[in-house]
Every structure is written in C-alpha cells, then in structure tokens.
>>> print(open('work14.pdb').read())   # PDB, C-alpha atoms
ATOM      1  CA  MET A   1      57.147 -14.006 -19.647
ATOM      2  CA  GLY A   2      60.114 -12.428 -17.865
ATOM      3  CA  VAL A   3      60.578  -9.910 -15.100
ATOM      4  CA  SER A   4      59.909  -6.312 -16.043
ATOM      5  CA  PRO A   5      63.141  -4.360 -16.440
ATOM      6  CA  LEU A   6      61.372  -1.384 -14.862
ATOM      7  CA  GLY A   7      60.857  -3.121 -11.539
ATOM      8  CA  LYS A   8      57.857  -4.485  -9.703
ATOM      9  CA  ASP A   9      56.015  -1.136  -9.541
ATOM     10  CA  SER A  10      56.095  -0.471 -13.288
ATOM     11  CA  VAL A  11      52.877  -0.081 -15.244
ATOM     12  CA  TRP A  12      53.670  -3.369 -16.968
ATOM     13  CA  GLU A  13      54.011  -5.228 -13.677
ATOM     14  CA  ILE A  14      50.904  -3.676 -12.135
ATOM     15  CA  ASN A  15      48.915  -4.573 -15.251
ATOM     16  CA  LEU A  16      50.088  -8.170 -14.902
ATOM     17  CA  ALA A  17      49.165  -8.120 -11.207
ATOM     18  CA  ALA A  18      45.654  -6.976 -12.149
ATOM     19  CA  ARG A  19      45.300  -9.878 -14.631
ATOM     20  CA  VAL A  20      46.495 -12.371 -12.018
ATOM     21  CA  ALA A  21      44.047 -10.923  -9.457
ATOM     22  CA  TRP A  22      41.112 -11.364 -11.843
ATOM     23  CA  MET A  23      42.101 -14.951 -12.569
ATOM     24  CA  SER A  24      42.589 -15.739  -8.879
ATOM     25  CA  PHE A  25      39.686 -14.005  -7.138
ATOM     26  CA  LEU A  26      37.032 -14.083  -9.857
ATOM     27  CA  GLY A  27      38.236 -16.916 -12.071
ATOM     28  CA  ASP A  28      38.830 -19.111  -8.996
ATOM     29  CA  LEU A  29      42.050 -20.510 -10.464
ATOM     30  CA  THR A  30      44.839 -21.805  -8.267
ATOM     31  CA  GLN A  31      48.212 -20.113  -8.308
ATOM     32  CA  SER A  32      49.629 -23.146 -10.096
ATOM     33  CA  GLU A  33      46.944 -22.958 -12.796
ATOM     34  CA  ILE A  34      47.545 -19.243 -13.280
ATOM     35  CA  GLY A  35      51.274 -19.860 -13.533
ATOM     36  CA  LYS A  36      50.806 -22.457 -16.276
ATOM     37  CA  ARG A  37      48.526 -20.182 -18.314
ATOM     38  CA  LEU A  38      50.823 -17.163 -18.048
ATOM     39  CA  GLY A  39      54.180 -18.926 -18.022
ATOM     40  CA  LEU A  40      54.981 -17.858 -14.473
ATOM     41  CA  SER A  41      56.186 -19.739 -11.425
ATOM     42  CA  PRO A  42      53.697 -20.179  -8.549
ATOM     43  CA  ALA A  43      56.012 -18.034  -6.384
ATOM     44  CA  ARG A  44      55.855 -15.225  -8.948
ATOM     45  CA  VAL A  45      52.064 -15.484  -9.087
ATOM     46  CA  HIS A  46      51.948 -15.246  -5.288
ATOM     47  CA  ARG A  47      54.077 -12.072  -5.372
ATOM     48  CA  LEU A  48      51.830 -10.552  -8.032
ATOM     49  CA  ILE A  49      48.737 -11.211  -5.908
ATOM     50  CA  LEU A  50      50.438  -9.475  -2.977
ATOM     51  CA  LEU A  51      51.319  -6.567  -5.274
ATOM     52  CA  ALA A  52      47.684  -6.322  -6.424
ATOM     53  CA  ARG A  53      46.527  -6.028  -2.828
ATOM     54  CA  GLU A  54      49.309  -3.583  -1.943
ATOM     55  CA  LYS A  55      48.320  -1.300  -4.836
ATOM     56  CA  GLY A  56      44.642  -1.406  -3.942
ATOM     57  CA  LEU A  57      43.630  -3.453  -6.994
ATOM     58  CA  VAL A  58      42.013  -5.988  -4.668
ATOM     59  CA  ARG A  59      39.962  -4.920  -1.660
ATOM     60  CA  ILE A  60      38.289  -7.243   0.815
ATOM     61  CA  SER A  61      35.228  -5.982   2.676
ATOM     62  CA  ILE A  62      33.711  -7.916   5.569
ATOM     63  CA  GLU A  63      30.359  -6.806   6.900
ATOM     64  CA  GLY A  64      29.802  -7.072  10.644
ATOM     65  CA  ARG A  65      32.083  -7.654  13.630
ATOM     66  CA  PRO A  66      32.134 -10.322  16.364
ATOM     67  CA  ALA A  67      29.794  -9.864  19.328
ATOM     68  CA  GLU A  68      32.760  -9.488  21.704
ATOM     69  CA  CYS A  69      33.933  -6.434  19.729
ATOM     70  CA  LEU A  70      30.450  -4.918  19.744
ATOM     71  CA  ASP A  71      30.191  -5.345  23.515
ATOM     72  CA  MET A  72      33.529  -3.585  24.077
ATOM     73  CA  GLU A  73      32.498  -0.797  21.705
ATOM     74  CA  ALA A  74      29.414  -0.032  23.769
ATOM     75  CA  GLU A  75      31.346  -0.263  27.032
ATOM     76  CA  LEU A  76      34.184   2.046  25.946
ATOM     77  CA  ALA A  77      31.864   4.575  24.308
ATOM     78  CA  THR A  78      29.820   4.843  27.517
ATOM     79  CA  ARG A  79      32.836   4.913  29.822
ATOM     80  CA  PHE A  80      34.631   7.719  27.947
ATOM     81  CA  GLY A  81      31.629   9.642  26.626
ATOM     82  CA  LEU A  82      32.392   8.932  22.961
ATOM     83  CA  ARG A  83      30.006   9.425  20.073
ATOM     84  CA  SER A  84      31.228   6.102  18.698
ATOM     85  CA  CYS A  85      33.812   3.407  19.323
ATOM     86  CA  THR A  86      34.771   0.829  16.705
ATOM     87  CA  VAL A  87      36.821  -2.259  17.579
ATOM     88  CA  SER A  88      38.526  -4.166  14.774
ATOM     89  CA  PRO A  89      38.882  -7.941  15.343
ATOM     90  CA  TYR A  90      42.044  -9.975  15.747
ATOM     91  CA  LEU A  91      43.765 -10.756  12.458
ATOM     92  CA  ARG A  92      46.177 -13.178  14.033
ATOM     93  CA  GLU A  93      46.855 -14.507  17.519
ATOM     94  CA  THR A  94      49.787 -12.285  18.426
ATOM     95  CA  THR A  95      50.551  -9.549  20.917
ATOM     96  CA  THR A  96      53.981  -8.536  19.623
ATOM     97  CA  ASN A  97      53.578  -7.648  15.946
ATOM     98  CA  GLU A  98      52.220  -4.110  15.796
ATOM     99  CA  ASP A  99      51.945  -4.295  12.011
ATOM    100  CA  ILE A 100      49.080  -6.780  12.445
ATOM    101  CA  ALA A 101      47.209  -4.392  14.734
ATOM    102  CA  ILE A 102      47.800  -1.471  12.366
ATOM    103  CA  ALA A 103      46.496  -3.512   9.421
ATOM    104  CA  SER A 104      43.362  -4.414  11.383
ATOM    105  CA  VAL A 105      42.638  -0.848  12.507
ATOM    106  CA  GLY A 106      43.480   0.497   9.056
ATOM    107  CA  GLN A 107      41.015  -1.848   7.366
ATOM    108  CA  THR A 108      38.220  -0.995   9.794
ATOM    109  CA  ALA A 109      38.897   2.752   9.797
ATOM    110  CA  GLY A 110      39.125   2.807   5.997
ATOM    111  CA  GLN A 111      35.693   1.212   5.623
ATOM    112  CA  LEU A 112      34.286   3.541   8.287
ATOM    113  CA  LEU A 113      35.596   6.658   6.534
ATOM    114  CA  GLY A 114      34.322   5.468   3.180
ATOM    115  CA  GLN A 115      30.840   4.881   4.585
ATOM    116  CA  HIS A 116      30.863   8.262   6.301
ATOM    117  CA  LEU A 117      31.756  10.102   3.093
ATOM    118  CA  LEU A 118      29.015   8.264   1.229
ATOM    119  CA  MET A 119      26.290   8.795   3.797
ATOM    120  CA  HIS A 120      26.988  12.283   5.167
ATOM    121  CA  SER A 121      27.222  15.744   3.659
ATOM    122  CA  THR A 122      30.810  16.223   4.791
ATOM    123  CA  ARG A 123      32.456  18.974   2.782
ATOM    124  CA  SER A 124      35.844  19.230   4.467
ATOM    125  CA  ILE A 125      38.148  16.994   6.453
ATOM    126  CA  ALA A 126      41.412  17.635   8.324
ATOM    127  CA  VAL A 127      43.774  14.671   8.588
ATOM    128  CA  GLY A 128      46.848  13.857  10.631
ATOM    129  CA  THR A 129      49.785  11.645   9.765
ATOM    130  CA  GLY A 130      51.305   8.312  10.773
ATOM    131  CA  ARG A 131      51.373   4.625   9.915
ATOM    132  CA  THR A 132      47.860   3.884  11.141
ATOM    133  CA  MET A 133      46.473   6.864   9.248
ATOM    134  CA  LEU A 134      48.253   5.693   6.101
ATOM    135  CA  ALA A 135      46.838   2.178   6.528
ATOM    136  CA  ALA A 136      43.321   3.603   6.921
ATOM    137  CA  VAL A 137      43.440   5.782   3.818
ATOM    138  CA  THR A 138      45.019   2.957   1.803
ATOM    139  CA  ALA A 139      42.189   0.624   2.853
ATOM    140  CA  MET A 140      39.476   3.206   2.185
ATOM    141  CA  PRO A 141      37.390   2.403  -0.911
ATOM    142  CA  LYS A 142      37.347   4.940  -3.711
ATOM    143  CA  VAL A 143      34.525   7.387  -2.990
ATOM    144  CA  PRO A 144      33.964   9.977  -5.737
ATOM    145  CA  ARG A 145      33.842  13.252  -3.805
ATOM    146  CA  PRO A 146      35.308  15.990  -6.047
ATOM    147  CA  ASP A 147      33.610  18.528  -3.785
ATOM    148  CA  LEU A 148      35.625  17.406  -0.747
ATOM    149  CA  ALA A 149      38.400  19.603   0.665
ATOM    150  CA  ILE A 150      41.173  17.684   2.472
ATOM    151  CA  TYR A 151      43.429  19.690   4.776
ATOM    152  CA  ALA A 152      46.660  18.742   6.515
ATOM    153  CA  LEU A 153      46.118  18.959  10.243
ATOM    154  CA  ASN A 154      49.845  19.425  10.876
ATOM    155  CA  GLY A 155      52.957  20.458   9.006
ATOM    156  CA  SER A 156      53.552  18.102   6.087
ATOM    157  CA  LEU A 157      57.345  17.842   6.356
ATOM    158  CA  ALA A 158      59.603  15.889   8.677
ATOM    159  CA  ASP A 159      62.833  17.111  10.264
ATOM    160  CA  ARG A 160      65.211  19.185   8.103
ATOM    161  CA  LEU A 161      62.458  19.609   5.489
ATOM    162  CA  ALA A 162      62.535  15.914   4.544
ATOM    163  CA  ILE A 163      59.391  14.417   3.021
ATOM    164  CA  ASN A 164      57.119  12.857   5.627
ATOM    165  CA  LEU A 165      56.623   9.329   4.327
ATOM    166  CA  TYR A 166      53.427   8.939   6.354
ATOM    167  CA  ASP A 167      51.640  12.065   5.164
ATOM    168  CA  VAL A 168      48.215  11.052   3.853
ATOM    169  CA  VAL A 169      46.637  14.218   2.436
ATOM    170  CA  THR A 170      47.579  13.510  -1.176
ATOM    171  CA  LYS A 171      46.589   9.859  -0.902
ATOM    172  CA  PHE A 172      43.229  10.864   0.566
ATOM    173  CA  ALA A 173      42.682  13.100  -2.453
ATOM    174  CA  GLU A 174      43.543  10.196  -4.768
ATOM    175  CA  ARG A 175      40.881   8.024  -3.110
ATOM    176  CA  THR A 176      38.162  10.691  -3.316
ATOM    177  CA  GLY A 177      39.013  13.017  -6.180
ATOM    178  CA  GLY A 178      38.873  15.876  -3.696
ATOM    179  CA  LYS A 179      41.257  18.812  -3.454
ATOM    180  CA  ALA A 180      44.249  18.467  -1.121
ATOM    181  CA  TYR A 181      45.727  21.342   0.874
ATOM    182  CA  LEU A 182      49.146  20.737   2.401
ATOM    183  CA  LEU A 183      50.926  22.699   5.096
ATOM    184  CA  PRO A 184      54.393  23.069   3.491
ATOM    185  CA  ILE A 185      56.153  23.410   6.831
ATOM    186  CA  PRO A 186      57.729  20.933   9.278
ATOM    187  CA  TYR A 187      55.567  18.972  11.704
ATOM    188  CA  PHE A 188      57.650  20.453  14.534
ATOM    189  CA  ALA A 189      59.428  23.783  14.952
ATOM    190  CA  ARG A 190      62.689  23.752  16.883
ATOM    191  CA  SER A 191      62.171  27.187  18.490
ATOM    192  CA  ALA A 192      59.461  29.734  19.163
ATOM    193  CA  ASP A 193      60.992  32.079  16.576
ATOM    194  CA  GLU A 194      60.943  29.316  13.973
ATOM    195  CA  GLU A 195      57.318  28.538  14.766
ATOM    196  CA  ALA A 196      56.339  32.210  14.440
ATOM    197  CA  LEU A 197      58.127  32.401  11.095
ATOM    198  CA  TYR A 198      56.162  29.454   9.733
ATOM    199  CA  LEU A 199      52.800  30.612  11.027
ATOM    200  CA  GLU A 200      53.052  34.166   9.720
ATOM    201  CA  GLN A 201      53.150  32.963   6.108
ATOM    202  CA  PRO A 202      49.823  33.927   4.454
ATOM    203  CA  SER A 203      49.431  30.592   2.646
ATOM    204  CA  VAL A 204      50.023  28.664   5.868
ATOM    205  CA  ALA A 205      47.547  30.828   7.779
ATOM    206  CA  ALA A 206      44.910  30.334   5.074
ATOM    207  CA  VAL A 207      45.177  26.530   5.189
ATOM    208  CA  ARG A 208      45.167  26.460   8.999
ATOM    209  CA  ASP A 209      42.107  28.701   9.193
ATOM    210  CA  ALA A 210      40.216  26.551   6.701
ATOM    211  CA  ALA A 211      41.314  23.327   8.415
ATOM    212  CA  ALA A 212      40.097  24.623  11.791
ATOM    213  CA  ARG A 213      36.585  24.816  10.313
ATOM    214  CA  ALA A 214      36.629  21.248   8.938
ATOM    215  CA  ASP A 215      33.615  18.986   9.456
ATOM    216  CA  ILE A 216      35.750  15.995  10.508
ATOM    217  CA  PHE A 217      39.184  15.641  12.080
ATOM    218  CA  ILE A 218      41.191  12.395  12.041
ATOM    219  CA  SER A 219      44.523  11.625  13.681
ATOM    220  CA  GLY A 220      46.540   8.674  14.875
ATOM    221  CA  VAL A 221      47.624   8.287  18.498
ATOM    222  CA  GLY A 222      51.380   8.328  19.030
ATOM    223  CA  ALA A 223      52.986   6.666  22.060
ATOM    224  CA  LEU A 224      55.812   8.938  23.127
ATOM    225  CA  GLY A 225      59.138   7.173  23.249
ATOM    226  CA  ALA A 226      57.795   4.062  21.509
ATOM    227  CA  ASP A 227      59.601   2.996  18.351
ATOM    228  CA  ASP A 228      56.480   3.172  16.203
ATOM    229  CA  GLY A 229      58.326   4.205  13.065
ATOM    230  CA  VAL A 230      56.786   7.689  13.010
ATOM    231  CA  LEU A 231      57.045   9.736  16.159
ATOM    232  CA  VAL A 232      60.661   8.928  17.008
ATOM    233  CA  THR A 233      62.389   8.017  13.769
ATOM    234  CA  GLU A 234      60.540  10.433  11.484
ATOM    235  CA  LEU A 235      59.407  13.439  13.487
ATOM    236  CA  LEU A 236      61.293  13.487  16.801
ATOM    237  CA  SER A 237      64.799  12.578  17.791
ATOM    238  CA  ASN A 238      65.228  10.095  20.620
ATOM    239  CA  SER A 239      66.669  12.818  22.858
ATOM    240  CA  GLU A 240      63.683  15.090  22.232
ATOM    241  CA  ALA A 241      61.262  12.262  22.983
ATOM    242  CA  GLU A 242      63.151  11.484  26.199
ATOM    243  CA  ARG A 243      63.030  15.126  27.309
ATOM    244  CA  LEU A 244      59.286  15.304  26.690
ATOM    245  CA  ALA A 245      58.742  11.985  28.456
ATOM    246  CA  ALA A 246      60.749  13.276  31.433
ATOM    247  CA  ARG A 247      58.168  16.047  31.766
ATOM    248  CA  GLY A 248      55.381  13.481  31.885
ATOM    249  CA  ALA A 249      54.340  13.290  28.219
ATOM    250  CA  VAL A 250      53.011   9.851  27.265
ATOM    251  CA  ALA A 251      51.118  10.651  24.067
ATOM    252  CA  GLU A 252      51.207  12.758  20.927
ATOM    253  CA  PHE A 253      47.865  13.469  19.292
ATOM    254  CA  ALA A 254      47.507  15.815  16.318
ATOM    255  CA  GLY A 255      50.571  17.745  17.460
ATOM    256  CA  ARG A 256      49.611  17.929  21.141
ATOM    257  CA  PHE A 257      51.752  16.284  23.819
ATOM    258  CA  LEU A 258      49.633  14.862  26.644
ATOM    259  CA  ASP A 259      50.391  13.492  30.096
ATOM    260  CA  GLU A 260      48.596  10.539  31.699
ATOM    261  CA  SER A 261      45.736  12.726  32.898
ATOM    262  CA  GLY A 262      45.186  14.107  29.399
ATOM    263  CA  GLY A 263      46.687  17.496  30.202
ATOM    264  CA  ASP A 264      48.960  19.379  27.819
ATOM    265  CA  VAL A 265      52.671  19.181  28.515
ATOM    266  CA  ALA A 266      54.422  22.559  28.434
ATOM    267  CA  GLN A 267      56.215  22.212  25.121
ATOM    268  CA  GLU A 268      57.698  25.691  25.324
ATOM    269  CA  VAL A 269      60.130  24.446  27.952
ATOM    270  CA  VAL A 270      61.208  21.361  26.051
ATOM    271  CA  PHE A 271      61.015  22.024  22.307
ATOM    272  CA  PRO A 272      60.164  21.099  19.664
ATOM    273  CA  LEU A 273      56.893  22.941  19.297
ATOM    274  CA  SER A 274      54.242  21.280  17.210
ATOM    275  CA  VAL A 275      52.924  23.345  14.341
ATOM    276  CA  ARG A 276      49.323  22.246  14.453
ATOM    277  CA  THR A 277      45.789  23.310  13.662
ATOM    278  CA  GLU A 278      43.335  23.546  16.525
ATOM    279  CA  PRO A 279      39.700  22.687  15.720
ATOM    280  CA  GLY A 280      37.803  25.959  15.802
ATOM    281  CA  SER A 281      34.825  26.567  18.048
ATOM    282  CA  ARG A 282      31.361  26.408  16.464
ATOM    283  CA  SER A 283      28.603  28.915  17.009
ATOM    284  CA  GLY A 284      24.972  28.648  16.015
ATOM    285  CA  PRO A 285      22.938  25.525  15.236
ATOM    286  CA  GLY A 286      24.354  22.253  13.963
ATOM    287  CA  PRO A 287      26.478  19.462  15.412
ATOM    288  CA  SER A 288      30.012  20.016  16.618
ATOM    289  CA  PRO A 289      32.797  18.567  14.451
ATOM    290  CA  ARG A 290      33.866  14.991  15.027
ATOM    291  CA  PHE A 291      37.444  14.066  15.884
ATOM    292  CA  PHE A 292      38.370  10.433  15.147
ATOM    293  CA  ALA A 293      41.344   8.932  17.004
ATOM    294  CA  LEU A 294      43.006   5.814  15.559
ATOM    295  CA  ALA A 295      45.186   3.612  17.774
ATOM    296  CA  ALA A 296      46.668   0.154  17.236
ATOM    297  CA  GLY A 297      48.451  -2.249  19.551
ATOM    298  CA  LYS A 298      48.637  -2.806  23.309
ATOM    299  CA  ARG A 299      51.669  -0.504  23.553
ATOM    300  CA  LYS A 300      49.324   2.412  22.891
ATOM    301  CA  LEU A 301      47.365   1.844  26.147
ATOM    302  CA  SER A 302      48.756   4.796  28.142
ATOM    303  CA  ALA A 303      48.749   7.071  25.107
ATOM    304  CA  THR A 304      45.161   6.212  24.181
ATOM    305  CA  LEU A 305      43.961   6.681  27.745
ATOM    306  CA  ALA A 306      45.624  10.106  27.776
ATOM    307  CA  VAL A 307      43.820  11.105  24.564
ATOM    308  CA  LEU A 308      40.475   9.875  25.913
ATOM    309  CA  ARG A 309      40.962  11.690  29.224
ATOM    310  CA  SER A 310      41.835  14.893  27.381
ATOM    311  CA  GLY A 311      38.420  14.934  25.740
ATOM    312  CA  ALA A 312      40.046  15.733  22.383
ATOM    313  CA  ALA A 313      38.544  12.722  20.587
ATOM    314  CA  SER A 314      34.841  12.211  19.946
ATOM    315  CA  ASP A 315      35.229   8.868  18.144
ATOM    316  CA  LEU A 316      37.695   6.015  18.610
ATOM    317  CA  VAL A 317      38.893   3.177  16.365
ATOM    318  CA  VAL A 318      41.128   0.538  18.001
ATOM    319  CA  ASP A 319      42.053  -3.106  17.526
ATOM    320  CA  GLU A 320      40.737  -5.863  19.769
ATOM    321  CA  THR A 321      43.968  -6.310  21.751
ATOM    322  CA  LEU A 322      44.066  -2.626  22.675
ATOM    323  CA  ALA A 323      40.315  -2.560  23.365
ATOM    324  CA  GLU A 324      40.709  -5.394  25.875
ATOM    325  CA  VAL A 325      43.347  -3.580  27.939
ATOM    326  CA  LEU A 326      41.438  -0.286  27.644
ATOM    327  CA  SER A 327      38.339  -2.015  28.921
ATOM    328  CA  ALA A 328      40.249  -3.537  31.856
ATOM    329  CA  ALA A 329      41.878  -0.183  32.703
ATOM    330  CA  ALA A 330      38.508   1.605  32.630
ATOM    331  CA  ARG A 331      36.930  -0.680  35.243
TER     332      ARG A 331
END
>>> encode(input="work14.pdb", output="structure tokens")
Amino acid sequence: MGVSPLGKDSVWEINLAARVAWMSFLGDLTQSEIGKRLGLSPARVHRLILLAREKGLVRISIEGRPAECLDMEAELATRFGLRSCTVSPYLRETTTNEDIAIASVGQTAGQLLGQHLLMHSTRSIAVGTGRTMLAAVTAMPKVPRPDLAIYALNGSLADRLAINLYDVVTKFAERTGGKAYLLPIPYFARSADEEALYLEQPSVAAVRDAAARADIFISGVGALGADDGVLVTELLSNSEAERLAARGAVAEFAGRFLDESGGDVAQEVVFPLSVRTEPGSRSGPGPSPRFFALAAGKRKLSATLAVLRSGAASDLVVDETLAEVLSAAAR
C-alpha cells in the first residue's frame, strides 16, 4: 500500500488514518502488528496515528484534575473575583516550549466549552482568535447545536486583507453545526478614517450588534511584543508592537490593549486601532454574560495579570506553569 499521490490530507489518507486508529486504540494492536496487516512500515503507522489525532478522529478525555490544580483554581478565583478558574495540568516537565502549554490549555478549555454547551441554554457565543483559541476549538468534542449562533468578536482578516490563520469561527461552527457570522474586515484598522469606513458598513454593524448581545464571550490573552505567532507576526508589525509597548501596553485582549494596571492604552495616539465588539450591557433579570480568558505559558504572566486587573474576564483557563506564577504574584 503506497503513499497517496494526493498528499497526507487527502480523503484516502484520512480514511487510512481512521482505520489505523481503530486498530490501535480499540483493537489494541501494536504499531508493528498494524504495519504487517496493512503492509505499512511502523514509522508510517506512527504518522497515521498522529494524523488521526490532528484531524480530530481520536479524542482523549480525562476526567478530574490533580489536587494541586484544584487548590490553585480556588485561590485564583477568590483573589481576582472570578466566577471560575480552571487550571490544566503539566503535560511535560518544561518551561520553554509554549506549544506544550497551549496544548494543555486547549484540551482543558475544549472540554469545558463542550460541557457548557451541553449543560446550558446558551444560544449565542462571540469568539476571539489566536493559537490558544484554535487549540481549544480543535479539542472541543462535537456538540450538536444547530441552534447556536457563533459570532466573530473581532475582524476576521489579518493585515492587508490576508486570511487570519487563527480565526476559529468557522471551525467552531463545524464542531457544533451552528451558524457562523464573520466580520469581513481586518482585525486592526491603520487609521481612524479606515476604522470608521469599516464600521459604517451595514453588514458589519449587524454582526457587531448581535455579537455584543452574546451569552458567552471567549478570547485568548496576547502578550504584547512576545513572539507568540499571532499578535506580532499575524496581526501587528514589530514596530507597531514596540510603539504600543512604549506607551505601557503589556497585553492584548479581544482587541483591547491594556497596561499593567489593566487600564486601556490610548490606541488613537499609536495606531493601529482594533476593530472589536464590546460586550453590551444587560438590563432586567438574568445573569450577566460570561467572558472566558484563555492564557498559556509563563510568558503570559504580565498580560494575564493585566486582563484580570481590568475586570474584563469573568472566567479564566490557564496551564499549571502560568497558574503557579500567577498565584505567587497574587500573594
């Protein structure tokens, strides 16, 4: 059985990955045994198993978290007045590989979102962008919610109208069967006139108004000036990040730039302006909307503290390494 001429992501290859996954995880066969039965090398079988996990054909769910994580959750929730705090455990003993932290937070946040959609009467959700957000939605189990409306919290395009590789609205709709509403404008405007032009479009205004009334908001925490693969390389230039940092900005959260105290940095002086949706105020009975903040890695300490001090987030999901330094900083 040879390599598919269409590449590893072809239907043929994914179908083979699914067969290998069944034989491995449910048939309890070794990679060598699978290789002999299918005429594949053990290395090829290993790659197919990785492909099955990458494509969401295999999902691992672990119930419960270590007591140390639970203790930090209670401490951080009390200290910062959060409705909930969830700490995802170490996946590997490392403090330098941010991908490990993102995978951990993504897995935990994905399970949390799936449970929330199953157990609550949420009808609409507004979502941000970024690597941690993408990891969370990828890890989220499929929850049939055709009644769910998913709104982009920010502009869905990167600089110069390029596709934002970390936009998650469409993927969220794939996981739930809900209806996705994009904001077909850049994440940032380069001038006040440009921002006004975007926001006066009727279709943009309609999506922003609906998103502002969402039941749940979710966004990743960006560390300004950190090479996290999103904020600098995808949405901001290095010079723009440096100019914002020079004015005291340490964090980007759902299009807001925050200083260490959690206050908004005056973007009008620095540009670019973020084209974002502000959660609308609620009147009458019923709970206020929840705003989940996702952060991964120790490098996000200052940025996460800024978000917590701003009061913008009601719920927090972090990895154990970041929770430890947050806990120490809060004492």
>>> resolve_selection(input="work14.pdb", expression="the PyMOL selection byres ((chain A and resi 107-117) around 6)", output="list of chain:residue names")
A:Ser88, A:Ser104, A:Val105, A:Gly106, A:Leu118, A:Met119, A:His120, A:Ala136, A:Val137, A:Ala139, A:Met140, A:Pro141
>>> write_last_selection(input="work14.pdb", atoms="C-alpha atoms", output="PDB file, in the coordinates of the input")
ATOM      1  CA  SER A  88      38.526  -4.166  14.774  1.00  0.00           C
ATOM      2  CA  SER A 104      43.362  -4.414  11.383  1.00  0.00           C
ATOM      3  CA  VAL A 105      42.638  -0.848  12.507  1.00  0.00           C
ATOM      4  CA  GLY A 106      43.480   0.497   9.056  1.00  0.00           C
ATOM      5  CA  LEU A 118      29.015   8.264   1.229  1.00  0.00           C
ATOM      6  CA  MET A 119      26.290   8.795   3.797  1.00  0.00           C
ATOM      7  CA  HIS A 120      26.988  12.283   5.167  1.00  0.00           C
ATOM      8  CA  ALA A 136      43.321   3.603   6.921  1.00  0.00           C
ATOM      9  CA  VAL A 137      43.440   5.782   3.818  1.00  0.00           C
ATOM     10  CA  ALA A 139      42.189   0.624   2.853  1.00  0.00           C
ATOM     11  CA  MET A 140      39.476   3.206   2.185  1.00  0.00           C
ATOM     12  CA  PRO A 141      37.390   2.403  -0.911  1.00  0.00           C
TER      13      PRO A 141
END
>>> atom_distance(input="work14.pdb", atom1="CA of Ala103 (chain A)", atom2="CA of Leu294 (chain A)")
11.7 Å
>>> resolve_selection(input="work14.pdb", expression="the PyMOL selection byres ((chain A and resi 299) around 9)", output="ChimeraX atom specification")
/A:98,223,226,296-298,300-303,322
>>> residues_around(input="work14.pdb", residues="region 205-210 of chain A", least_positions_apart="5", cutoff="8 Å", atoms="only C-alpha atoms", output="list in words")
Tyr151, Leu153, Tyr181, Leu182, Leu183, Leu199, Glu200 and Thr277 of chain A
>>> write_last_selection(input="work14.pdb", atoms="C-alpha atoms", output="short mmCIF file (atom, residue, chain, number, x, y, z; two decimals), in the frame of the given file")
data_model
loop_
_atom_site.label_atom_id
_atom_site.label_comp_id
_atom_site.auth_asym_id
_atom_site.auth_seq_id
_atom_site.Cartn_x
_atom_site.Cartn_y
_atom_site.Cartn_z
CA TYR A 151 43.43 19.69 4.78
CA LEU A 153 46.12 18.96 10.24
CA TYR A 181 45.73 21.34 0.87
CA LEU A 182 49.15 20.74 2.40
CA LEU A 183 50.93 22.70 5.10
CA LEU A 199 52.80 30.61 11.03
CA GLU A 200 53.05 34.17 9.72
CA THR A 277 45.79 23.31 13.66
#
>>> closest_residue(input="work14.pdb", among="A:Pro89, A:Gly35, A:Gly178, A:Pro66", to="Ile49 (chain A)", atoms="all atoms listed in the file")
A:Gly35
>>> resolve_selection(input="work14.pdb", expression="the PyMOL selection byres ((chain A and resi 188) around 6)", output="ChimeraX atom specification")
/A:186-187,189,272-275
>>> residues_around(input="work14.pdb", residues="Gly220 (chain A)", least_positions_apart="5", cutoff="7 Å", atoms="only C-alpha atoms", output="VMD selection string")
chain A and resid 128 to 130 132 to 133 253 293 to 295
>>> closest_residue(input="work14.pdb", among="A:Arg145, A:Gly155, A:Ile125, A:Asp319", to="Arg290 (chain A)", atoms="only C-alpha atoms")
A:Ile125
>>> residues_around(input="work14.pdb", residues="Tyr198 (chain A)", least_positions_apart="4", cutoff="8 Å", atoms="all atoms listed in the file", output="ChimeraX atom specification")
/A:185,194,204
>>> closest_residue(input="work14.pdb", among="A:Arg37, A:Lys142, A:Arg83, A:Arg213", to="Leu316 (chain A)", atoms="only C-alpha atoms")
A:Arg83
>>> closest_residue(input="work14.pdb", among="A:Gly27, A:Met72, A:Glu195, A:Ala306", to="Gly248 (chain A)", atoms="all atoms listed in the file")
A:Ala306
>>> atom_distance(input="work14.pdb", atom1="CA of Arg65 (chain A)", atom2="CA of Phe80 (chain A)")
21.2 Å
>>> residues_near_point(input="work14.pdb", point="(37.4, 5.5, 36.6)", cutoff="12 Å", atoms="all atoms listed in the file", output="PyMOL selection string")
chain A and resi 76+78-80+261+305+308-309+326-331
>>> residues_near_point(input="work14.pdb", point="(51.2, -8.2, -15.0)", cutoff="10 Å", atoms="only C-alpha atoms", output="PyMOL selection string")
chain A and resi 1+3-4+8+10-21+38+45+48-49+51-52
>>> atom_distance(input="work14.pdb", atom1="CA of Val317 (chain A)", atom2="CA of Gly255 (chain A)")
18.7 Å
>>> axis_aligned_box(input="work14.pdb", around="region 73-77 of chain A", padding_each_side="3 Å", output="JSON")
{"center_x": 31.8, "center_y": 1.9, "center_z": 24.4, "size_x": 10.8, "size_y": 11.4, "size_z": 11.3}
